[in-house]
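Shown next, in structure tokens, is the structure this report addresses.
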Amino acid sequence: MATVAVTDATFDAEVRNSDIPVMVDFWAEWCGPCKQIGPALEELSAEYEGKVKIVKVNVDENPNSAAAVGVRSIPALFMFKNGEVVSNKVGAAPKSAFEGWIKETV
């Protein structure tokens with residue numbers, strides 16, 4: 001499954017009310033490191049289908065969701081379980097680092 005684009009309007013339904021853990025990638029079109037991690041997140045989304053949902057929130061188009069969790073710089077990744085933030089990371093990293101984070105968090 002590909003990553004899911006989430007908006008301010010769909011954030012609660014897709015993230016906070018999810019039955020499975022959700023990794024949220026806060027990004028922007030102009031952000032080079034954000035684009036750099038995109039392919040790795042797409043691969044992880046397929047590999048963890050049904051176990052972890054990976055979603056993307058464009059901070060320029062959806063500032064309220066980013067502000068609600070305190071995003072100050074991007075890329076910012078937040079892991080949600082049972083509707084709550086359980087962990088977060090800032091900055092680009094290799095796929096293996098994100099995979100390790102998923103395994104230790106969920």
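For the structure tokens, the naming scheme is as follows: chains receive sequential letters (A, B, ...) according to their order of presentation, residues are indexed from 1 within each chain, and ligands are indexed from 1 in presentation order.
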Can you pull out every residue within 12 Å of A:Glu14, counting only C-alpha atoms, but drop anything in the same chain fewer than 4 positions away, and send it as a ChimeraX atom specification?
/A:3-10,18-24,52-57,65,80-83
Exercise: stretch 87-100 of chain A partners within 12 Å, only C-alpha atoms, chain neighbours under 6 positions left out, as an MDAnalysis selection string:
chainID A and resid 21:27 31:45 47:48 52 54 69:81 106
Would you please extract all helix (DSSP H, G or I) residues from chain A, as assigned by DSSP on the backbone, and give them as a VMD selection string?
chain A and resid 11 to 16 32 to 47 63 to 69 95 to 105
What gap, in Å, lies between atom CA of A:Val59 and atom CA of A:Ala28?
5.8 Å
Calculate how many Å separate atom CA of A:Ala46 from atom CA of A:Glu61, rounding to one decimal.
25.3 Å
In Å, rounded to a single decimal, give me how far atom CA of A:Ala66 is from atom CA of A:Trp101.
20.5 Å
According to DSSP computed on the backbone, where in stretch 15-53 of chain A is there strand (DSSP E)? Give the residues as a list in words.
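Selecting the strand (DSSP E) positions of stretch 15-53 of chain A gives Val22, Met23, Val24, Asp25, Phe26, Trp27 and Lys53 of chain A.
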Selection export as a tab-separated table (two decimals), in the first residue's frame, atoms kept: C-alpha atoms:
chain	number	residue	atom	x	y	z
A	22	VAL	CA	0.56	5.42	12.24
A	23	MET	CA	3.82	7.05	11.16
A	24	VAL	CA	3.14	10.63	10.07
A	25	ASP	CA	5.62	12.36	7.77
A	26	PHE	CA	5.26	16.15	7.92
A	27	TRP	CA	6.84	17.48	4.73
A	53	LYS	CA	0.08	2.97	8.32
